[in-house]
Amino acid sequence: MRLFLLSGSRGSPRREVIAATFAIAVLATVPHAAAAQPVPTIVPPWWDATFVANERACGGAGRPAWCAQWIEALNADLRPFGDRTVPEWRALPYDRNREICSTLLPPAWCTEWRAYIRGVPESDAYKAVAARHEATTKAANDIAERAQREREVHEAPLIAILTKVTAGRSPTRDEVALLETRALEEGNHQAAETLAWLYVQGRGVGRDYGRAYELYGDLVVKGRDDLKKNLDALWPLLTGSQKQTMQQRFGPPSEP
């Protein structure tokens, strides 16, 4: 139901009261505070795990990305084809031998290969590859952990403001300024939605339906279709010039 189709003449006090009451009802829900980030699951690195554990993890479809490193280490000591000093299966990569030995009638040499491949993690070639990947992985983890700590420090003030607003308290002028920065300069959707709600309610800022419409409209353009109802609720509360500006920016309001 479009608000401007409610009974009462267009622009009449009765219509404005009904529209404002309906808009407040639609927009009364306080934006949720930021959810806590999930703690990543710690997976033991493959270079510290047993052969059996790695084989189980890498044995089927959808194997983890680190399996490529483990298999590289297993293949680090392959022998060239035609080397008569070793069996031919020593020239085949791990995945190929595993495929051959998984058939219903595997070759007799598979027993020897299985015993050999379980001992490869003790070889110098395997350990060299593992040590290289361990060093690069730890360096990448250090960078990721540092970036995560910086994100947490950066997000802490915003989370505190969102929690405060959710609890029913009005933000300070500085907190509103931070919301503006995070919403407009950093594109933070939660900050923008909270700021729009504050402009509707007149909490910490002067009530400004046009500014709220603008903020909600930007979020809808970015994919927040659930906020279209907020635009419909605000449309009748805009002035004629505001409607013209918003229609030029976001297109006409939704059909009744």
# chains A, B, ... in the order shown; residues from 1 in each chain; ligands from 1

$ residues_around --residues "A:Lys164" --least-positions-apart "3" --cutoff "12 Å" --atoms "only C-alpha atoms" --output "PDB file with all heavy atoms, in the first residue's frame"
ATOM      1  N   VAL A  30      15.064  -0.511  15.582  1.00  0.00           N
ATOM      2  CA  VAL A  30      16.430  -0.026  15.714  1.00  0.00           C
ATOM      3  C   VAL A  30      17.354  -0.951  14.930  1.00  0.00           C
ATOM      4  O   VAL A  30      17.246  -2.173  15.028  1.00  0.00           O
ATOM      5  CB  VAL A  30      16.859   0.003  17.202  1.00  0.00           C
ATOM      6  CG1 VAL A  30      18.271   0.539  17.345  1.00  0.00           C
ATOM      7  CG2 VAL A  30      15.887   0.852  17.996  1.00  0.00           C
ATOM      8  N   PRO A  31      18.283  -0.404  14.133  1.00  0.00           N
ATOM      9  CA  PRO A  31      19.239  -1.273  13.437  1.00  0.00           C
ATOM     10  C   PRO A  31      20.006  -2.133  14.427  1.00  0.00           C
ATOM     11  O   PRO A  31      20.328  -1.698  15.532  1.00  0.00           O
ATOM     12  CB  PRO A  31      20.171  -0.269  12.730  1.00  0.00           C
ATOM     13  CG  PRO A  31      19.353   0.974  12.594  1.00  0.00           C
ATOM     14  CD  PRO A  31      18.477   1.020  13.812  1.00  0.00           C
ATOM     15  N   HIS A  32      20.281  -3.351  14.031  1.00  0.00           N
ATOM     16  CA  HIS A  32      20.990  -4.264  14.922  1.00  0.00           C
ATOM     17  C   HIS A  32      22.420  -3.803  15.117  1.00  0.00           C
ATOM     18  O   HIS A  32      23.058  -3.269  14.222  1.00  0.00           O
ATOM     19  CB  HIS A  32      21.002  -5.681  14.342  1.00  0.00           C
ATOM     20  CG  HIS A  32      19.636  -6.283  14.269  1.00  0.00           C
ATOM     21  ND1 HIS A  32      18.888  -6.562  15.389  1.00  0.00           N
ATOM     22  CD2 HIS A  32      18.878  -6.647  13.206  1.00  0.00           C
ATOM     23  CE1 HIS A  32      17.729  -7.085  15.016  1.00  0.00           C
ATOM     24  NE2 HIS A  32      17.697  -7.139  13.695  1.00  0.00           N
ATOM     25  N   ALA A  33      22.939  -4.055  16.324  1.00  0.00           N
ATOM     26  CA  ALA A  33      24.349  -3.791  16.577  1.00  0.00           C
ATOM     27  C   ALA A  33      25.188  -4.771  15.778  1.00  0.00           C
ATOM     28  O   ALA A  33      24.720  -5.826  15.358  1.00  0.00           O
ATOM     29  CB  ALA A  33      24.654  -3.932  18.070  1.00  0.00           C
ATOM     30  N   ALA A  34      26.444  -4.396  15.558  1.00  0.00           N
ATOM     31  CA  ALA A  34      27.335  -5.248  14.764  1.00  0.00           C
ATOM     32  C   ALA A  34      27.503  -6.602  15.433  1.00  0.00           C
ATOM     33  O   ALA A  34      27.692  -6.696  16.644  1.00  0.00           O
ATOM     34  CB  ALA A  34      28.699  -4.571  14.619  1.00  0.00           C
ATOM     35  N   PRO A 157      35.228   1.509  17.816  1.00  0.00           N
ATOM     36  CA  PRO A 157      34.376   2.683  18.089  1.00  0.00           C
ATOM     37  C   PRO A 157      32.999   2.581  17.428  1.00  0.00           C
ATOM     38  O   PRO A 157      31.992   2.971  18.021  1.00  0.00           O
ATOM     39  CB  PRO A 157      35.195   3.843  17.513  1.00  0.00           C
ATOM     40  CG  PRO A 157      36.598   3.353  17.471  1.00  0.00           C
ATOM     41  CD  PRO A 157      36.490   1.893  17.173  1.00  0.00           C
ATOM     42  N   LEU A 158      32.954   2.055  16.190  1.00  0.00           N
ATOM     43  CA  LEU A 158      31.676   1.921  15.497  1.00  0.00           C
ATOM     44  C   LEU A 158      30.781   0.923  16.215  1.00  0.00           C
ATOM     45  O   LEU A 158      29.578   1.170  16.409  1.00  0.00           O
ATOM     46  CB  LEU A 158      31.908   1.479  14.053  1.00  0.00           C
ATOM     47  CG  LEU A 158      30.647   1.183  13.231  1.00  0.00           C
ATOM     48  CD1 LEU A 158      29.765   2.415  13.138  1.00  0.00           C
ATOM     49  CD2 LEU A 158      31.028   0.680  11.836  1.00  0.00           C
ATOM     50  N   ILE A 159      31.337  -0.205  16.617  1.00  0.00           N
ATOM     51  CA  ILE A 159      30.555  -1.212  17.333  1.00  0.00           C
ATOM     52  C   ILE A 159      30.006  -0.627  18.627  1.00  0.00           C
ATOM     53  O   ILE A 159      28.851  -0.884  18.996  1.00  0.00           O
ATOM     54  CB  ILE A 159      31.417  -2.457  17.613  1.00  0.00           C
ATOM     55  CG1 ILE A 159      31.754  -3.161  16.294  1.00  0.00           C
ATOM     56  CG2 ILE A 159      30.700  -3.412  18.556  1.00  0.00           C
ATOM     57  CD1 ILE A 159      32.715  -4.313  16.442  1.00  0.00           C
ATOM     58  N   ALA A 160      30.806   0.200  19.321  1.00  0.00           N
ATOM     59  CA  ALA A 160      30.346   0.821  20.572  1.00  0.00           C
ATOM     60  C   ALA A 160      29.160   1.751  20.309  1.00  0.00           C
ATOM     61  O   ALA A 160      28.190   1.775  21.083  1.00  0.00           O
ATOM     62  CB  ALA A 160      31.499   1.583  21.223  1.00  0.00           C
ATOM     63  N   ILE A 161      29.217   2.514  19.211  1.00  0.00           N
ATOM     64  CA  ILE A 161      28.106   3.420  18.879  1.00  0.00           C
ATOM     65  C   ILE A 161      26.856   2.629  18.531  1.00  0.00           C
ATOM     66  O   ILE A 161      25.751   2.941  18.999  1.00  0.00           O
ATOM     67  CB  ILE A 161      28.510   4.340  17.717  1.00  0.00           C
ATOM     68  CG1 ILE A 161      29.663   5.252  18.112  1.00  0.00           C
ATOM     69  CG2 ILE A 161      27.307   5.177  17.264  1.00  0.00           C
ATOM     70  CD1 ILE A 161      30.246   6.041  16.952  1.00  0.00           C
ATOM     71  N   ALA A 167      20.744   0.093  22.376  1.00  0.00           N
ATOM     72  CA  ALA A 167      20.286   0.124  23.766  1.00  0.00           C
ATOM     73  C   ALA A 167      19.325   1.278  24.028  1.00  0.00           C
ATOM     74  O   ALA A 167      18.828   1.431  25.154  1.00  0.00           O
ATOM     75  CB  ALA A 167      21.481   0.215  24.705  1.00  0.00           C
ATOM     76  N   GLY A 168      19.049   2.120  23.012  1.00  0.00           N
ATOM     77  CA  GLY A 168      18.072   3.191  23.163  1.00  0.00           C
ATOM     78  C   GLY A 168      18.646   4.534  23.560  1.00  0.00           C
ATOM     79  O   GLY A 168      17.909   5.457  23.876  1.00  0.00           O
ATOM     80  N   ARG A 169      19.977   4.663  23.513  1.00  0.00           N
ATOM     81  CA  ARG A 169      20.602   5.939  23.877  1.00  0.00           C
ATOM     82  C   ARG A 169      21.017   6.702  22.628  1.00  0.00           C
ATOM     83  O   ARG A 169      21.355   6.110  21.616  1.00  0.00           O
ATOM     84  CB  ARG A 169      21.820   5.696  24.761  1.00  0.00           C
ATOM     85  CG  ARG A 169      21.453   5.165  26.153  1.00  0.00           C
ATOM     86  CD  ARG A 169      22.699   4.873  26.961  1.00  0.00           C
ATOM     87  NE  ARG A 169      23.406   3.699  26.430  1.00  0.00           N
ATOM     88  CZ  ARG A 169      24.699   3.473  26.597  1.00  0.00           C
ATOM     89  NH1 ARG A 169      25.457   4.352  27.224  1.00  0.00           N
ATOM     90  NH2 ARG A 169      25.243   2.371  26.107  1.00  0.00           N
ATOM     91  N   SER A 170      20.979   8.022  22.724  1.00  0.00           N
ATOM     92  CA  SER A 170      21.309   8.865  21.577  1.00  0.00           C
ATOM     93  C   SER A 170      22.819   9.054  21.468  1.00  0.00           C
ATOM     94  O   SER A 170      23.509   9.181  22.475  1.00  0.00           O
ATOM     95  CB  SER A 170      20.634  10.232  21.707  1.00  0.00           C
ATOM     96  OG  SER A 170      19.229  10.090  21.705  1.00  0.00           O
ATOM     97  N   PRO A 171      23.345   9.089  20.248  1.00  0.00           N
ATOM     98  CA  PRO A 171      24.778   9.302  20.069  1.00  0.00           C
ATOM     99  C   PRO A 171      25.154  10.763  20.288  1.00  0.00           C
ATOM    100  O   PRO A 171      24.323  11.658  20.140  1.00  0.00           O
ATOM    101  CB  PRO A 171      25.017   8.880  18.622  1.00  0.00           C
ATOM    102  CG  PRO A 171      23.718   9.185  17.939  1.00  0.00           C
ATOM    103  CD  PRO A 171      22.659   8.890  18.962  1.00  0.00           C
ATOM    104  N   THR A 172      26.416  11.004  20.618  1.00  0.00           N
ATOM    105  CA  THR A 172      26.920  12.366  20.746  1.00  0.00           C
ATOM    106  C   THR A 172      27.217  12.937  19.366  1.00  0.00           C
ATOM    107  O   THR A 172      27.170  12.235  18.352  1.00  0.00           O
ATOM    108  CB  THR A 172      28.200  12.386  21.586  1.00  0.00           C
ATOM    109  OG1 THR A 172      29.230  11.670  20.863  1.00  0.00           O
ATOM    110  CG2 THR A 172      27.978  11.710  22.940  1.00  0.00           C
ATOM    111  N   GLU A 175      30.062  11.131  17.848  1.00  0.00           N
ATOM    112  CA  GLU A 175      29.682   9.785  17.395  1.00  0.00           C
ATOM    113  C   GLU A 175      28.909   9.844  16.083  1.00  0.00           C
ATOM    114  O   GLU A 175      29.088   8.991  15.208  1.00  0.00           O
ATOM    115  CB  GLU A 175      28.868   9.089  18.488  1.00  0.00           C
ATOM    116  CG  GLU A 175      29.724   8.699  19.696  1.00  0.00           C
ATOM    117  CD  GLU A 175      28.903   8.222  20.870  1.00  0.00           C
ATOM    118  OE1 GLU A 175      27.700   8.572  20.956  1.00  0.00           O
ATOM    119  OE2 GLU A 175      29.451   7.516  21.731  1.00  0.00           O
ATOM    120  N   VAL A 176      28.077  10.846  15.926  1.00  0.00           N
ATOM    121  CA  VAL A 176      27.378  11.028  14.650  1.00  0.00           C
ATOM    122  C   VAL A 176      28.386  11.322  13.545  1.00  0.00           C
ATOM    123  O   VAL A 176      28.276  10.799  12.428  1.00  0.00           O
ATOM    124  CB  VAL A 176      26.345  12.169  14.753  1.00  0.00           C
ATOM    125  CG1 VAL A 176      25.774  12.505  13.375  1.00  0.00           C
ATOM    126  CG2 VAL A 176      25.214  11.783  15.706  1.00  0.00           C
ATOM    127  N   THR A 194      22.192   2.919  10.256  1.00  0.00           N
ATOM    128  CA  THR A 194      21.988   3.502  11.588  1.00  0.00           C
ATOM    129  C   THR A 194      21.828   5.007  11.499  1.00  0.00           C
ATOM    130  O   THR A 194      20.955   5.597  12.150  1.00  0.00           O
ATOM    131  CB  THR A 194      23.179   3.156  12.499  1.00  0.00           C
ATOM    132  OG1 THR A 194      23.305   1.735  12.588  1.00  0.00           O
ATOM    133  CG2 THR A 194      22.983   3.736  13.900  1.00  0.00           C
ATOM    134  N   ARG A 203      17.302  11.498  16.591  1.00  0.00           N
ATOM    135  CA  ARG A 203      18.098  11.076  17.749  1.00  0.00           C
ATOM    136  C   ARG A 203      19.553  11.447  17.532  1.00  0.00           C
ATOM    137  O   ARG A 203      20.227  10.904  16.661  1.00  0.00           O
ATOM    138  CB  ARG A 203      17.976   9.557  17.937  1.00  0.00           C
ATOM    139  CG  ARG A 203      16.567   9.060  18.176  1.00  0.00           C
ATOM    140  CD  ARG A 203      16.185   9.206  19.637  1.00  0.00           C
ATOM    141  NE  ARG A 203      17.037   8.369  20.450  1.00  0.00           N
ATOM    142  CZ  ARG A 203      16.839   7.070  20.672  1.00  0.00           C
ATOM    143  NH1 ARG A 203      15.819   6.458  20.091  1.00  0.00           N
ATOM    144  NH2 ARG A 203      17.645   6.375  21.440  1.00  0.00           N
ATOM    145  N   GLY A 204      20.069  12.398  18.284  1.00  0.00           N
ATOM    146  CA  GLY A 204      21.447  12.835  18.126  1.00  0.00           C
ATOM    147  C   GLY A 204      21.648  13.781  16.953  1.00  0.00           C
ATOM    148  O   GLY A 204      22.715  14.380  16.806  1.00  0.00           O
TER     149      GLY A 204
END

$ residues_around --residues "A:Asp95" --least-positions-apart "2" --cutoff "12 Å" --atoms "only C-alpha atoms" --output "number ranges by chain"
A: 55, 58-60, 67-68, 70-72, 74-75, 89, 91-93, 97-102, 117

$ atom_distance --atom1 "atom CA of A:Arg118" --atom2 "atom CA of A:Arg63"
19.1 Å

$ closest_residue --among "A:Leu215, A:Val221, A:Ala125, A:Ile143" --to "A:Ala73" --atoms "only C-alpha atoms"
A:Ala125

$ closest_residue --among "A:Gly223, A:Pro87, A:Pro107, A:Pro45" --to "A:Ala57" --atoms "only C-alpha atoms"
A:Pro45

$ residues_around --residues "A:Lys243" --least-positions-apart "2" --cutoff "12 Å" --atoms "only C-alpha atoms" --output "PyMOL selection string"
chain A and resi 209-211+213-214+231-232+234-241+245-253

$ select_by_dssp --residues "stretch 134-250 of chain A" --states "helix (DSSP H, G or I)" --output "ChimeraX atom specification"
/A:134-166,173-185,189-201,209-221,225-237,240-250

$ closest_residue --among "A:Ala131, A:Ala183, A:Ala191, A:Val52" --to "A:Val165" --atoms "only C-alpha atoms"
A:Ala191

$ closest_residue --among "A:Gln148, A:Lys138, A:Arg173, A:Val120" --to "A:Gly206" --atoms "only C-alpha atoms"
A:Arg173

$ atom_distance --atom1 "atom CA of A:Ala130" --atom2 "atom CA of A:Ala65"
14.8 Å

$ atom_distance --atom1 "atom CA of A:Pro64" --atom2 "atom CA of A:Thr137"
14.6 Å

$ closest_residue --among "A:Glu155, A:Glu150, A:Asp218, A:Glu112" --to "A:His189" --atoms "only C-alpha atoms"
A:Asp218
